[in-house]
Amino acid sequence: MSASLTGFEWTLLRRDRRAWWALLCLGALVLIAFAVDLAAIADANAAKADIARAERGRWLGQGEKDPHSAAHYSIFAFKPTSPLAALDLGVEPFVGQTVWLEAHVQNDMLYRPQGEASALQRAGLSSPASLLIGFAPLVAFLLAFTAVAMDRERGTLRLALGAALRPREIVASKAAAIWLALVWVLVVPVTAVAAIATAALGALDATAALRLVLWAAAMAVYLGVLTALGLAVSMLAGSVRGALAVLFGLWIAFGLALPRWANSAVESAQPLPSTQTVKQQLLDEAPSYWTAEDAKKHQATLLAKYGAKDPADLRVDLRGAELDLSERHSHEVFDRVLGGFYDRVVAQDRAYAMLGWLSPTAAMQSLSPMLAGSDFVHHRRFIDGAERYRRALVNRMNQDVMAHPTGEGGAKHTNDASLWAQIPEFHHPAPSLSANWRHTAPAAAALLAWSLAALALLALAARRLRP
């Protein structure tokens with residue numbers, strides 16, 4: 001393959017205005033989608049930071065009170081969204097952005113952006129990744145159809161083969177020209193803009209840079225698969241109409257039919273319980289308040305634990321010990337019930353990633369949000385981090401109650417800002433890429449397998465190339 005031959009093929013592509021303008025329009029839409037999503041993420045992050053500072057001030061300024069009451073007063077924790085999520089929103093529009101951290105309860109997350117989404121966003125066409133994954137196959141197939149099928153129809157392919165050029169060189173130059181056009185118009189601009197914007201927002205560290213590079217590389221591989229498949233089909237088809245029909249059918253199969261079938265298959269094989277079922281189980285196994293019978297039984301347990309025959313003989317405050325016992329019991333229930341539910345969601349995502357072998361589109365749908373930091377695994381890490389913070393806060397408050405026995409009929413112990421300040425501010429560090437990679441490794445392997453299969457099919461088509 002020579003650079004001059006690739007340049008000639010590039011020139012031919014640009015002369016076909018229909019295919020070229022379709023490519024440019026898709027590239028423009030990708031940049032517009034990124035700009036809109038980035039602006040929304042930046043505004044939301046700024047608002048979260050402002051409210052988090054106000055929440056910290058409210059916590060420190062709550063005045064003197066019973067420490068357990070302070071655990072109920074508590075604070076909101078806010079999830080920061082990575083600017084790279086503007087490349088692929090993933091689950092971000094559908095999951096909450098903040099959670100109320102209070103005693104006895106692991107609350108649901110609040111504020112789902114999808115509730116305020118526009119009609120275009122609700123259609124799932126609001127992120128660069130959704131546009132690229134959904135419509136790049138159509139543009140790539142159109143470019144491949146133009147480069148091969150139309151050349152055959154006009155007779156230029158016969159002239160090229162008659163000029164003593166090897167078919168492999170012709171095919172390689174066409175593939176390189178189409179792939180470079182796709183990458184330079186669809187991937188390079190949005191990647192460069194994402195790098196500049198992330199740096200401007202102060203979020204471009206080594207991890208973010210690696211994520212961005214890997215996202216661009218994965219998208220380039222995906223476009224390479226589409227290029228190879230489009231050229232191979234165009235060369236193997238017996239006619240122009242046949243090539244166009246097969247390519248259009250592949251777009252429907254890869255982008256629409258197979259991903260939806262894979263999603264349905266995963267939901268059927270690994271169904272999730274309803275939200276109401278999970279909430280009811282939590283209420284049954286970890287109620288916020290004990291019955292009188294439960295309280296009597298747990299009081300006996302605590303007396304035996306501390307070697308006392310009467311509550312007045314306890315070295316700790318009985319009420320504080322009961323509150324601490326209740327909290328630690330609920331921790332086990334939350335880990336088993338809610339943790340089990342989240343494990344099943346992650347298992348669904350992993351199963352869908354494994355079905356990327358059916359379609360390169362399905363593989364990229366799993367890989368892209370993981371690299372952008374917007375898949376459910378990343379979201380769950382925030383849930384787990386916020387829950388650890390809640391437990392540490394509530395346990396510290398209960399320990400202070402336990403450490404100050406009031407005796408039967410005594411006034412409740414109170415504390416002030418000296419105790420509240422012992423609780424550090426909540427921070428959610430960005431998860432490392434390696435911590436989440438194993439969940440989407442099957443999708444990466446599937447995309448690599450698709451690239452090898454597409455190249456093999458293209459090589460076969462090149463050997464069978466005829467005018």
# chains A, B, ... in the order shown; residues from 1 in each chain; ligands from 1
>>> select_by_dssp(residues="stretch 142-234 of chain A", states="alpha helix (DSSP H)", output="number ranges by chain")
A: 142-154, 156-162, 167-182, 188-200, 206-234
>>> residues_around(residues="A:Asp324", least_positions_apart="5", cutoff="12 Å", atoms="only C-alpha atoms", output="number ranges by chain")
A: 68, 71, 103-104, 298-299, 302, 316-319, 329-331, 391-403
>>> write_last_selection(atoms="C-alpha atoms", output="mmCIF file, in the first residue's frame")
data_model
loop_
_atom_site.group_PDB
_atom_site.id
_atom_site.type_symbol
_atom_site.label_atom_id
_atom_site.label_comp_id
_atom_site.auth_asym_id
_atom_site.auth_seq_id
_atom_site.Cartn_x
_atom_site.Cartn_y
_atom_site.Cartn_z
ATOM 1 C CA HIS A 68 -27.886 10.387 67.779
ATOM 2 C CA ALA A 71 -26.964 11.350 63.096
ATOM 3 C CA ALA A 103 -29.184 6.832 60.807
ATOM 4 C CA HIS A 104 -30.912 3.458 60.418
ATOM 5 C CA HIS A 298 -31.678 -7.130 72.664
ATOM 6 C CA GLN A 299 -31.420 -5.531 76.101
ATOM 7 C CA LEU A 302 -26.379 -6.350 75.833
ATOM 8 C CA VAL A 316 -21.981 2.213 78.793
ATOM 9 C CA ASP A 317 -25.201 4.017 78.137
ATOM 10 C CA LEU A 318 -27.919 1.451 77.458
ATOM 11 C CA ARG A 319 -29.709 3.581 74.892
ATOM 12 C CA HIS A 329 -27.547 -5.283 62.494
ATOM 13 C CA SER A 330 -28.863 -3.116 59.651
ATOM 14 C CA HIS A 331 -25.396 -3.033 58.077
ATOM 15 C CA ARG A 391 -21.823 4.207 58.775
ATOM 16 C CA ALA A 392 -18.698 5.892 60.117
ATOM 17 C CA LEU A 393 -20.703 9.036 60.928
ATOM 18 C CA VAL A 394 -23.569 7.217 62.639
ATOM 19 C CA ASN A 395 -21.265 4.859 64.533
ATOM 20 C CA ARG A 396 -19.230 7.793 65.833
ATOM 21 C CA MET A 397 -22.365 9.519 67.085
ATOM 22 C CA ASN A 398 -23.627 6.366 68.789
ATOM 23 C CA GLN A 399 -20.228 5.741 70.371
ATOM 24 C CA ASP A 400 -20.364 9.180 71.933
ATOM 25 C CA VAL A 401 -23.787 8.366 73.384
ATOM 26 C CA MET A 402 -22.468 5.057 74.717
ATOM 27 C CA ALA A 403 -19.468 6.740 76.329
#
>>> closest_atom_pairs(of="stretch 305-400 of chain A", to="stretch 248-267 of chain A", cutoff="9 Å", atoms="only C-alpha atoms", output="JSON lines")
{"residue": "A:Gln348", "atom": "CA", "partner": "A:Val266", "partner_atom": "CA", "distance": 6.2}
{"residue": "A:Asp349", "atom": "CA", "partner": "A:Val266", "partner_atom": "CA", "distance": 8.5}
{"residue": "A:Ala351", "atom": "CA", "partner": "A:Val266", "partner_atom": "CA", "distance": 6.5}
{"residue": "A:Tyr352", "atom": "CA", "partner": "A:Val266", "partner_atom": "CA", "distance": 6.4}
{"residue": "A:Leu355", "atom": "CA", "partner": "A:Ala262", "partner_atom": "CA", "distance": 6.5}
{"residue": "A:Gly356", "atom": "CA", "partner": "A:Pro259", "partner_atom": "CA", "distance": 8.4}
{"residue": "A:Leu358", "atom": "CA", "partner": "A:Leu258", "partner_atom": "CA", "distance": 6.9}
{"residue": "A:Ser359", "atom": "CA", "partner": "A:Phe254", "partner_atom": "CA", "distance": 5.3}
{"residue": "A:Pro360", "atom": "CA", "partner": "A:Phe254", "partner_atom": "CA", "distance": 6.9}
{"residue": "A:Thr361", "atom": "CA", "partner": "A:Gly255", "partner_atom": "CA", "distance": 5.8}
{"residue": "A:Ala362", "atom": "CA", "partner": "A:Pro259", "partner_atom": "CA", "distance": 5.3}
{"residue": "A:Gln365", "atom": "CA", "partner": "A:Pro259", "partner_atom": "CA", "distance": 8.8}
>>> closest_atom_pairs(of="stretch 332-430 of chain A", to="stretch 441-454 of chain A", cutoff="8 Å", atoms="only C-alpha atoms", output="CSV")
residue,atom,partner,partner_atom,distance
A:Arg350,CA,A:Pro442,CA,7.7
A:Ala353,CA,A:Ala443,CA,4.7
A:Met354,CA,A:Pro442,CA,5.1
A:Leu355,CA,A:Ala443,CA,7.8
A:Gly356,CA,A:Ala446,CA,5.5
A:Trp357,CA,A:Ala446,CA,5.0
A:Pro360,CA,A:Leu447,CA,5.9
A:Ala363,CA,A:Ala443,CA,4.7
A:Met364,CA,A:Ala443,CA,7.0
A:Ser366,CA,A:Ala443,CA,6.2
A:Leu367,CA,A:Ala443,CA,5.9
>>> residues_around(residues="A:Lys48", least_positions_apart="5", cutoff="10 Å", atoms="only C-alpha atoms", output="PyMOL selection string")
chain A and resi 42-43+53-54+77-81+97-98
>>> residues_around(residues="stretch 135-147 of chain A", least_positions_apart="5", cutoff="7 Å", atoms="only C-alpha atoms", output="PyMOL selection string")
chain A and resi 13+19+22-23+174+178+226-227+230-231+234+244+247+251
>>> residues_around(residues="stretch 278-288 of chain A", least_positions_apart="6", cutoff="12 Å", atoms="only C-alpha atoms", output="list in words")
His72, Glu102, Ala103, His104, Val105, Gln106, Asn107, Asp108, Leu272, Asp294, Leu323, Leu325, Ser326, Glu327, Arg328, His329, Ser330, His331, Glu332, Val333, Phe334, Asp335, Arg336, Val337, Leu338, Gly339, Gly340, Phe341 and Tyr342 of chain A
>>> closest_residue(among="A:Val36, A:Ala70, A:Ala86, A:Val183", to="A:Ala217", atoms="only C-alpha atoms")
A:Val183
>>> atom_distance(atom1="atom CA of A:His427", atom2="atom CA of A:Glu64")
25.5 Å
>>> closest_residue(among="A:Ala216, A:Ala129, A:Ala232, A:Val99", to="A:Tyr389", atoms="only C-alpha atoms")
A:Val99
>>> closest_residue(among="A:Val240, A:Leu314, A:Ala28, A:Ala49", to="A:Phe426", atoms="only C-alpha atoms")
A:Ala49
>>> closest_residue(among="A:Ala430, A:Ala245, A:Ala321, A:Leu132", to="A:Leu87", atoms="only C-alpha atoms")
A:Leu132
>>> atom_distance(atom1="atom CA of A:Arg464", atom2="atom CA of A:Gly242")
16.9 Å
>>> closest_residue(among="A:Pro83, A:Pro271, A:Pro128, A:Pro405", to="A:Leu201", atoms="only C-alpha atoms")
A:Pro83
